[in-house]
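This is final-v1.txt. It holds compact mmCIF, C-alpha atoms and all ligand atoms.
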# COMPACT_ATOMS: atom_id res chain seq x y z
CA MET A 1 11.39 21.13 7.20
CA LYS A 2 10.06 18.34 5.05
CA ARG A 3 10.10 18.70 1.24
CA ILE A 4 8.45 15.61 -0.17
CA LEU A 5 8.29 13.94 -3.58
CA ILE A 6 5.67 11.26 -4.12
CA ILE A 7 6.33 8.93 -7.03
CA GLY A 8 3.07 7.34 -8.17
CA ALA A 9 1.01 10.20 -6.73
CA THR A 10 -2.10 9.43 -8.79
CA GLY A 11 -2.36 5.75 -7.81
CA GLN A 12 -4.60 4.16 -5.17
CA ILE A 13 -2.40 5.11 -2.21
CA GLY A 14 -0.62 8.08 -3.77
CA SER A 15 -3.75 10.08 -4.53
CA GLU A 16 -4.75 10.10 -0.86
CA LEU A 17 -1.24 10.19 0.63
CA THR A 18 -0.41 13.32 -1.39
CA MET A 19 -3.42 15.17 0.03
CA GLU A 20 -2.68 13.96 3.57
CA LEU A 21 0.95 15.07 3.36
CA ARG A 22 -0.07 18.45 1.94
CA LYS A 23 -2.40 18.89 4.92
CA ARG A 24 0.41 18.06 7.34
CA TYR A 25 3.43 19.75 5.74
CA GLY A 26 1.95 22.49 3.55
CA ASN A 27 0.75 22.27 -0.06
CA GLU A 28 3.87 23.75 -1.65
CA ASN A 29 6.13 21.24 0.16
CA VAL A 30 4.61 18.12 -1.39
CA VAL A 31 5.27 17.39 -5.07
CA ALA A 32 2.97 14.95 -6.87
CA GLY A 33 5.12 12.85 -9.23
CA TYR A 34 3.14 11.17 -12.01
CA ILE A 35 3.49 9.48 -15.39
CA PRO A 36 1.84 11.24 -18.37
CA SER A 37 -0.78 8.50 -18.81
CA ALA A 38 -2.00 9.16 -15.25
CA ALA A 39 -1.84 12.94 -14.84
CA PRO A 40 -3.39 14.45 -11.70
CA THR A 41 -6.78 16.12 -11.94
CA GLY A 42 -9.06 18.15 -9.65
CA GLU A 43 -7.88 18.90 -6.12
CA LEU A 44 -4.75 16.79 -6.46
CA LYS A 45 -3.66 18.93 -9.41
CA ASP A 46 -4.78 22.28 -8.07
CA SER A 47 -3.61 22.06 -4.47
CA GLY A 48 0.16 21.88 -5.02
CA PRO A 49 3.10 21.28 -7.36
CA SER A 50 3.21 18.31 -9.69
CA GLU A 51 5.89 17.01 -12.01
CA VAL A 52 6.28 14.19 -14.53
CA VAL A 53 8.48 11.65 -12.70
CA ASP A 54 8.78 8.20 -14.24
CA VAL A 55 10.43 5.89 -11.72
CA THR A 56 12.23 4.05 -14.53
CA ASN A 57 14.03 7.29 -15.45
CA GLY A 58 16.67 8.16 -12.85
CA GLY A 59 17.41 11.53 -14.47
CA MET A 60 13.80 12.62 -14.04
CA ILE A 61 13.84 11.69 -10.36
CA ALA A 62 17.12 13.56 -9.83
CA SER A 63 15.90 16.74 -11.52
CA ALA A 64 12.67 16.82 -9.49
CA VAL A 65 14.67 16.28 -6.29
CA LYS A 66 17.04 19.14 -7.20
CA LYS A 67 14.32 21.49 -8.46
CA TYR A 68 12.23 21.21 -5.29
CA GLN A 69 15.07 20.52 -2.79
CA ILE A 70 13.41 17.28 -1.79
CA ASP A 71 14.47 15.55 1.44
CA THR A 72 11.92 12.70 1.55
CA ILE A 73 10.68 10.40 -1.24
CA TYR A 74 7.57 8.24 -0.99
CA ASN A 75 8.09 5.73 -3.79
CA LEU A 76 4.69 4.18 -4.53
CA ALA A 77 5.19 3.11 -8.14
CA ALA A 78 4.29 -0.58 -8.55
CA LEU A 79 2.14 -3.09 -10.40
CA LEU A 80 -0.23 -5.02 -8.10
CA SER A 81 -0.11 -8.79 -7.73
CA VAL A 82 -2.48 -10.03 -10.44
CA VAL A 83 -1.37 -7.64 -13.18
CA ALA A 84 2.30 -8.31 -12.31
CA GLU A 85 1.72 -11.99 -13.16
CA SER A 86 0.81 -11.01 -16.73
CA LYS A 87 3.64 -8.44 -17.03
CA PRO A 88 6.50 -9.79 -14.89
CA ARG A 89 9.25 -7.93 -16.75
CA LEU A 90 7.47 -4.59 -16.39
CA ALA A 91 6.75 -5.33 -12.70
CA TRP A 92 10.50 -5.83 -12.17
CA GLN A 93 11.42 -2.71 -14.16
CA ILE A 94 9.06 -0.52 -12.15
CA GLY A 95 9.55 -2.22 -8.79
CA ILE A 96 13.27 -2.94 -8.76
CA ASP A 97 15.05 -1.03 -11.54
CA GLY A 98 12.86 1.91 -10.46
CA LEU A 99 13.77 1.43 -6.80
CA TRP A 100 17.45 1.35 -7.73
CA ASN A 101 17.03 4.76 -9.41
CA VAL A 102 15.24 6.16 -6.36
CA LEU A 103 17.86 4.86 -3.94
CA GLU A 104 20.76 6.20 -6.01
CA VAL A 105 19.18 9.67 -6.13
CA ALA A 106 18.45 9.43 -2.39
CA ARG A 107 22.06 8.50 -1.67
CA GLU A 108 23.39 11.43 -3.65
CA HIS A 109 20.91 14.00 -2.34
CA LYS A 110 20.55 12.64 1.20
CA CYS A 111 16.82 11.90 1.01
CA ALA A 112 14.84 9.56 3.27
CA VAL A 113 12.90 6.92 1.31
CA PHE A 114 9.64 5.05 1.94
CA THR A 115 8.98 2.17 -0.50
CA PRO A 116 6.16 -0.07 0.71
CA SER A 117 6.35 -3.81 0.93
CA SER A 118 3.26 -6.00 1.24
CA ILE A 119 1.62 -9.12 2.63
CA GLY A 120 2.54 -10.34 -0.88
CA SER A 121 6.18 -10.60 0.24
CA PHE A 122 5.24 -13.81 2.05
CA GLY A 123 4.61 -17.19 0.45
CA ALA A 124 2.98 -20.55 0.99
CA ASN A 125 5.62 -21.79 3.44
CA THR A 126 5.44 -18.69 5.66
CA PRO A 127 3.59 -19.32 8.96
CA HIS A 128 0.10 -18.06 8.10
CA ILE A 129 -1.29 -17.30 11.54
CA ASN A 130 0.26 -14.41 13.48
CA THR A 131 2.97 -14.23 10.82
CA PRO A 132 6.10 -13.02 12.65
CA GLN A 133 8.05 -9.89 11.69
CA ASP A 134 11.12 -11.97 10.81
CA THR A 135 10.18 -15.20 9.05
CA ILE A 136 10.35 -17.18 5.81
CA GLN A 137 9.72 -15.04 2.70
CA ARG A 138 9.69 -17.24 -0.42
CA PRO A 139 6.85 -15.83 -2.56
CA ARG A 140 6.17 -17.33 -5.99
CA THR A 141 4.45 -14.30 -7.53
CA MET A 142 6.48 -11.64 -9.36
CA TYR A 143 4.81 -9.07 -7.11
CA GLY A 144 6.14 -10.93 -4.07
CA VAL A 145 9.59 -11.35 -5.61
CA THR A 146 9.82 -7.59 -6.22
CA LYS A 147 8.59 -6.82 -2.70
CA VAL A 148 11.13 -9.09 -0.97
CA THR A 149 13.82 -7.57 -3.18
CA THR A 150 12.55 -4.10 -2.26
CA GLU A 151 13.00 -4.91 1.42
CA LEU A 152 16.51 -6.30 0.90
CA LEU A 153 17.71 -3.51 -1.39
CA SER A 154 16.30 -0.82 0.91
CA ASP A 155 18.07 -2.38 3.92
CA TYR A 156 21.24 -2.65 1.83
CA TYR A 157 21.25 1.08 1.07
CA PHE A 158 20.67 1.84 4.76
CA ASN A 159 23.42 -0.45 6.01
CA LYS A 160 25.96 0.34 3.31
CA TYR A 161 25.34 4.02 2.56
CA GLY A 162 23.26 5.24 5.52
CA VAL A 163 20.25 6.11 3.32
CA ASP A 164 17.29 6.51 5.71
CA THR A 165 15.02 3.84 4.22
CA ARG A 166 11.91 2.72 6.12
CA ALA A 167 8.76 0.84 5.13
CA VAL A 168 5.73 -1.13 6.14
CA ARG A 169 4.22 -4.29 4.69
CA PHE A 170 0.81 -3.06 3.62
CA PRO A 171 -2.17 -5.41 3.79
CA GLY A 172 -5.00 -5.08 1.27
CA ILE A 173 -5.99 -1.42 1.41
CA ILE A 174 -9.62 -0.39 1.28
CA SER A 175 -10.47 3.11 0.14
CA ASN A 176 -13.26 5.09 -1.47
CA VAL A 177 -11.29 7.58 -3.59
CA THR A 178 -9.06 5.97 -6.24
CA PRO A 179 -9.86 2.30 -6.94
CA PRO A 180 -7.02 -0.25 -6.89
CA GLY A 181 -6.27 -2.09 -10.12
CA GLY A 182 -5.11 -5.66 -10.58
CA GLY A 183 -4.66 -6.72 -6.97
CA THR A 184 -5.73 -9.89 -5.17
CA THR A 185 -7.38 -7.95 -2.35
CA ASP A 186 -9.38 -5.66 -4.69
CA TYR A 187 -12.57 -7.65 -4.02
CA ALA A 188 -12.76 -6.04 -0.56
CA VAL A 189 -13.06 -2.62 -2.25
CA ASP A 190 -15.29 -3.72 -5.15
CA ILE A 191 -17.82 -5.28 -2.77
CA TYR A 192 -18.65 -1.84 -1.30
CA TYR A 193 -19.23 -0.33 -4.76
CA SER A 194 -21.65 -3.18 -5.61
CA ALA A 195 -23.49 -2.76 -2.31
CA VAL A 196 -23.96 0.98 -2.83
CA LYS A 197 -24.97 0.61 -6.50
CA GLY A 198 -27.55 -2.03 -5.56
CA GLU A 199 -25.79 -4.69 -7.66
CA ARG A 200 -25.21 -8.34 -6.86
CA PHE A 201 -21.53 -8.90 -6.00
CA ILE A 202 -19.60 -11.69 -7.73
CA CYS A 203 -16.81 -12.66 -5.35
CA PRO A 204 -13.61 -14.04 -6.94
CA ILE A 205 -12.18 -15.33 -3.64
CA LYS A 206 -13.42 -18.42 -1.78
CA LYS A 207 -15.36 -18.31 1.45
CA GLY A 208 -12.96 -18.94 4.35
CA THR A 209 -9.95 -17.26 2.70
CA LEU A 210 -8.53 -14.91 5.33
CA MET A 211 -6.35 -11.94 4.40
CA ASP A 212 -5.16 -8.87 6.30
CA MET A 213 -6.90 -5.66 5.27
CA MET A 214 -6.72 -2.03 6.35
CA TYR A 215 -8.75 1.13 5.90
CA MET A 216 -6.92 3.88 4.01
CA PRO A 217 -6.76 6.43 6.88
CA ASP A 218 -4.85 3.90 8.99
CA ALA A 219 -2.55 3.03 6.07
CA LEU A 220 -1.71 6.71 5.49
CA ASN A 221 -1.11 7.22 9.17
CA ALA A 222 1.24 4.23 9.27
CA ALA A 223 3.38 5.63 6.44
CA VAL A 224 3.61 9.10 7.96
CA MET A 225 4.14 7.87 11.55
CA LEU A 226 6.98 5.59 10.51
CA MET A 227 8.74 8.35 8.55
CA GLU A 228 8.40 10.63 11.60
CA ALA A 229 9.61 7.97 14.07
CA ASP A 230 12.74 8.42 16.16
CA PRO A 231 15.42 6.45 14.25
CA ALA A 232 17.13 5.49 17.51
CA LYS A 233 14.09 3.35 18.37
CA LEU A 234 13.99 1.44 15.07
CA ILE A 235 15.43 -2.06 15.32
CA HIS A 236 13.83 -3.03 11.99
CA ARG A 237 13.56 -0.89 8.87
CA ASN A 238 12.37 -2.70 5.74
CA ALA A 239 9.70 -3.57 6.29
CA PHE A 240 7.35 -3.61 9.32
CA ASN A 241 4.33 -5.89 9.60
CA ILE A 242 1.26 -3.75 10.28
CA ALA A 243 -2.25 -5.07 10.86
CA SER A 244 -5.70 -3.86 11.77
CA MET A 245 -8.25 -6.44 10.59
CA SER A 246 -8.38 -9.83 8.92
CA PHE A 247 -11.49 -11.30 7.33
CA ASP A 248 -12.81 -13.64 4.66
CA PRO A 249 -15.42 -12.76 1.98
CA GLU A 250 -18.33 -14.05 4.07
CA THR A 251 -17.42 -11.86 7.04
CA ILE A 252 -17.17 -8.62 5.03
CA TYR A 253 -20.40 -9.55 3.22
CA GLN A 254 -22.24 -9.98 6.53
CA ALA A 255 -20.77 -6.71 7.84
CA ILE A 256 -22.17 -4.87 4.80
CA ARG A 257 -25.50 -6.71 4.96
CA LYS A 258 -26.11 -5.29 8.44
CA HIS A 259 -26.43 -1.92 6.67
CA VAL A 260 -27.71 -3.11 3.25
CA PRO A 261 -30.04 -6.00 4.17
CA ASP A 262 -30.98 -6.98 0.60
CA PHE A 263 -27.37 -7.08 -0.64
CA GLU A 264 -26.56 -10.30 -2.51
CA MET A 265 -23.24 -12.04 -3.09
CA VAL A 266 -22.38 -15.10 -5.19
CA TYR A 267 -19.05 -16.78 -5.75
CA ASP A 268 -17.22 -17.23 -9.05
CA ILE A 269 -13.68 -18.11 -8.05
CA ASP A 270 -10.77 -16.67 -10.05
CA PRO A 271 -8.11 -19.40 -9.92
CA LEU A 272 -5.11 -17.03 -10.13
CA LYS A 273 -6.41 -14.71 -7.42
CA GLN A 274 -7.32 -17.68 -5.24
CA ARG A 275 -3.87 -19.23 -5.64
CA ILE A 276 -2.23 -15.95 -4.68
CA ALA A 277 -4.60 -15.39 -1.73
CA ASP A 278 -3.97 -18.92 -0.44
CA SER A 279 -0.22 -18.27 -0.39
CA TRP A 280 -0.57 -15.10 1.72
CA PRO A 281 -0.84 -14.94 5.51
CA ASP A 282 -4.18 -15.07 7.34
CA CYS A 283 -3.07 -12.43 9.84
CA LEU A 284 0.19 -10.68 10.62
CA ASP A 285 1.79 -10.14 14.03
CA ASP A 286 2.54 -6.41 14.19
CA THR A 287 4.14 -6.29 17.65
CA CYS A 288 7.43 -4.84 16.36
CA ALA A 289 5.66 -1.88 14.71
CA ARG A 290 3.68 -1.26 17.89
CA GLU A 291 6.79 -1.40 20.08
CA GLU A 292 9.32 0.38 17.87
CA TRP A 293 7.25 3.33 16.61
CA GLY A 294 3.88 3.21 18.35
CA TRP A 295 1.75 1.82 15.50
CA LYS A 296 -1.93 1.56 16.44
CA PRO A 297 -4.83 1.36 13.98
CA VAL A 298 -8.12 3.18 14.53
CA TYR A 299 -10.59 1.35 12.27
CA ASN A 300 -12.09 -2.13 12.51
CA LEU A 301 -14.38 -3.87 10.02
CA GLU A 302 -17.55 -2.31 11.45
CA SER A 303 -16.32 1.30 11.66
CA MET A 304 -14.71 1.02 8.22
CA THR A 305 -17.95 -0.36 6.74
CA VAL A 306 -20.02 2.49 8.15
CA ASP A 307 -17.58 5.07 6.76
CA MET A 308 -17.15 3.38 3.34
CA LEU A 309 -20.91 3.13 2.79
CA GLU A 310 -21.49 6.72 3.87
CA LYS A 311 -18.73 8.14 1.64
CA LEU A 312 -19.63 6.03 -1.40
CA ARG A 313 -23.34 6.79 -1.07
CA ALA A 314 -22.57 10.52 -1.00
CA ARG A 315 -20.33 10.23 -4.05
CA LEU A 316 -22.24 7.76 -6.21
CA LYS A 317 -25.81 8.99 -5.63
N1 LIG B 1 -3.30 -5.19 -2.42
C1 LIG B 1 -2.16 -5.89 -2.96
C2 LIG B 1 -2.60 -6.86 -4.00
O1 LIG B 1 -3.64 -7.44 -3.83
C3 LIG B 1 -1.42 -6.63 -1.89
O2 LIG B 1 -0.50 -5.79 -1.25
O3 LIG B 1 -1.90 -7.08 -4.94
Show how you would write the structure in this file as structure tokens.
Amino acid sequence: MKRILIIGATGQIGSELTMELRKRYGNENVVAGYIPSAAPTGELKDSGPSEVVDVTNGGMIASAVKKYQIDTIYNLAALLSVVAESKPRLAWQIGIDGLWNVLEVAREHKCAVFTPSSIGSFGANTPHINTPQDTIQRPRTMYGVTKVTTELLSDYYFNKYGVDTRAVRFPGIISNVTPPGGGTTDYAVDIYYSAVKGERFICPIKKGTLMDMMYMPDALNAAVMLMEADPAKLIHRNAFNIASMSFDPETIYQAIRKHVPDFEMVYDIDPLKQRIADSWPDCLDDTCAREEWGWKPVYNLESMTVDMLEKLRARLK
């Protein structure tokens, strides 16, 4: 029986992962952990238990785990890449000191732990095309530094203490529920909002800049599938490359224009975002995830675009 705690349950991924896990495992078995400045509302609040759980406070994590007899923690607390550059100390405190707290509680209470890594864990000297599972990871962003450390520390707790840690390297995630904040890949979400609102989109990333992206339903499925996978089949643990689509701004713009013919886009490059995007892979090789736990995405750019436009039109009209 799974009893799950999600830390960061009101964030971009957490808000949808919490609902997905409640659907799969029962509302009462999935606890939404949040910080007071981002309390759950609406369905997220009403559909199941929630608890103030600040990842930087180990005692809070331990008492939630004891209170609800938690056996699995999804640790989603993090600052995204751009905002982490302006608050590097806080990014480390949340990402790494926070992870340490989670892993210590998991060790004591025998919980499995999922703490995502990212395409941001790679750097400029990583092979950018078909980036292998095991390769150079020398990022220069604080976000990347915390993500590489997350992978290493999670593997350390598995190898040394047997804590069941597993993770994926998420690409830019595109969703229509909770917007991301302060990421390099956010443009690929913002562009849909502009298209639906009938506004001209100002793109901060240069034409020709390829990055891996994924539609939220596939991202949620990846997290759940990996945590359900047979551990005997896992050669890797922290963290698996996963991929479903890779595009540049022009390609997503054209995909949207097929459905919104008068949609306009202009470029106004943000130098920090561009520098970060240039240091990230163009496309990941996800063979290990496919072979070790059966990873397979459902959405491509076209099917995601149709769904995003339909959902946003219904919500924003
Ligand atoms: N979406 C993240 C960012 O742009 C990357 O994992 O920061």
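All residues, whether protein, DNA or RNA, that have an atom at most 8 Å from ligand LIG 1 (chain B) (counting only C-alpha atoms and all ligand atoms) are Leu79, Leu80, Ser81, Val82, Ser117, Ser118, Ile119, Gly120, Tyr143, Arg169, Phe170, Pro171, Gly172, Ile173, Pro180, Gly182, Gly183, Thr184, Thr185 and Asp186 of chain A.
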(request) In Å, rounded to a single decimal, give me how far atom CA of Ala277 of chain A is from atom CA of Tyr253 of chain A. (result) 17.6 Å
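By only C-alpha atoms, and with residues fewer than 2 positions from segment 208-212 of chain A along its chain excluded, the set lying at most 6 Å from it is A:Pro171, A:Lys206, A:Met245, A:Ser246, A:Phe247, A:Asp248, A:Asp282, A:Cys283.
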(request) State, in Å with one decimal place, the distance from atom CA of Ala77 of chain A to atom CA of Gly8 of chain A. (result) 4.7 Å
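Neighbours of Arg138 of chain A closer than or equal to 12 Å, with only C-alpha atoms counted and sequence neighbours fewer than 6 positions away skipped, come out as Ile119, Gly120, Ser121, Phe122, Gly123, Ala124, Asn125, Thr126, Pro127, Gly144, Val145, Thr146, Lys147, Val148, Thr149, Ser279 and Trp280 of chain A.
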C-alpha atoms of the current selection, written as a PDB file, in the coordinates of the input:
ATOM      1  CA  ILE A 119       1.620  -9.120   2.630  1.00  0.00           C
ATOM      2  CA  GLY A 120       2.540 -10.340  -0.880  1.00  0.00           C
ATOM      3  CA  SER A 121       6.180 -10.600   0.240  1.00  0.00           C
ATOM      4  CA  PHE A 122       5.240 -13.810   2.050  1.00  0.00           C
ATOM      5  CA  GLY A 123       4.610 -17.190   0.450  1.00  0.00           C
ATOM      6  CA  ALA A 124       2.980 -20.550   0.990  1.00  0.00           C
ATOM      7  CA  ASN A 125       5.620 -21.790   3.440  1.00  0.00           C
ATOM      8  CA  THR A 126       5.440 -18.690   5.660  1.00  0.00           C
ATOM      9  CA  PRO A 127       3.590 -19.320   8.960  1.00  0.00           C
ATOM     10  CA  GLY A 144       6.140 -10.930  -4.070  1.00  0.00           C
ATOM     11  CA  VAL A 145       9.590 -11.350  -5.610  1.00  0.00           C
ATOM     12  CA  THR A 146       9.820  -7.590  -6.220  1.00  0.00           C
ATOM     13  CA  LYS A 147       8.590  -6.820  -2.700  1.00  0.00           C
ATOM     14  CA  VAL A 148      11.130  -9.090  -0.970  1.00  0.00           C
ATOM     15  CA  THR A 149      13.820  -7.570  -3.180  1.00  0.00           C
ATOM     16  CA  SER A 279      -0.220 -18.270  -0.390  1.00  0.00           C
ATOM     17  CA  TRP A 280      -0.570 -15.100   1.720  1.00  0.00           C
TER      18      TRP A 280
END
(message) From the options A:Phe263, A:Trp92, A:Tyr156, A:Tyr193, which residue's atoms come nearest to Thr141 of chain A, counting all atoms listed in the file?
(response) A:Trp92
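Remark: for Arg3 of chain A, the closest of the candidate residues A:Gln137, A:Thr165, A:Asn29, A:Ser86 is A:Asn29 (distances computed over all atoms listed in the file).
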(message) Using only C-alpha atoms for the distances, tell me which of A:Gly14, A:Gly59, A:Pro231, A:Pro116 is nearest to Val102 of chain A.
(response)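 Closest residue, counting only C-alpha atoms: A:Gly59.
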(message) I'd like the interatomic distance between atom CA of Gly95 of chain A and atom CA of Ser15 of chain A, to a tenth of an Å.
(response) 18.6 Å
(message) Can you tell me which residues surround Ala195 of chain A at a distance of at most 10 Å, considering all atoms listed in the file, apart from same-chain residues fewer than 2 positions away, and format the answer as a list in words?
(response)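 That gives Asp190, Ile191, Tyr192, Tyr193, Lys197, Gly198, Glu199, Arg200, Phe201, Tyr253, Ile256, Arg257, His259, Val260, Pro261, Asp262, Phe263, Glu264, Met265, Leu309, Leu312 and Arg313 of chain A.
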(request) Please provide the set of residues having any atom within 10 Å of Phe158 of chain A, restricted to all atoms listed in the file, with same-chain residues fewer than 2 positions apart removed, written as a count of residues only. (result) 18
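Proximity of A:Ile7, A:Leu301, A:Met60, A:Ile129 to Leu76 of chain A, computed with only C-alpha atoms, is greatest for A:Ile7.
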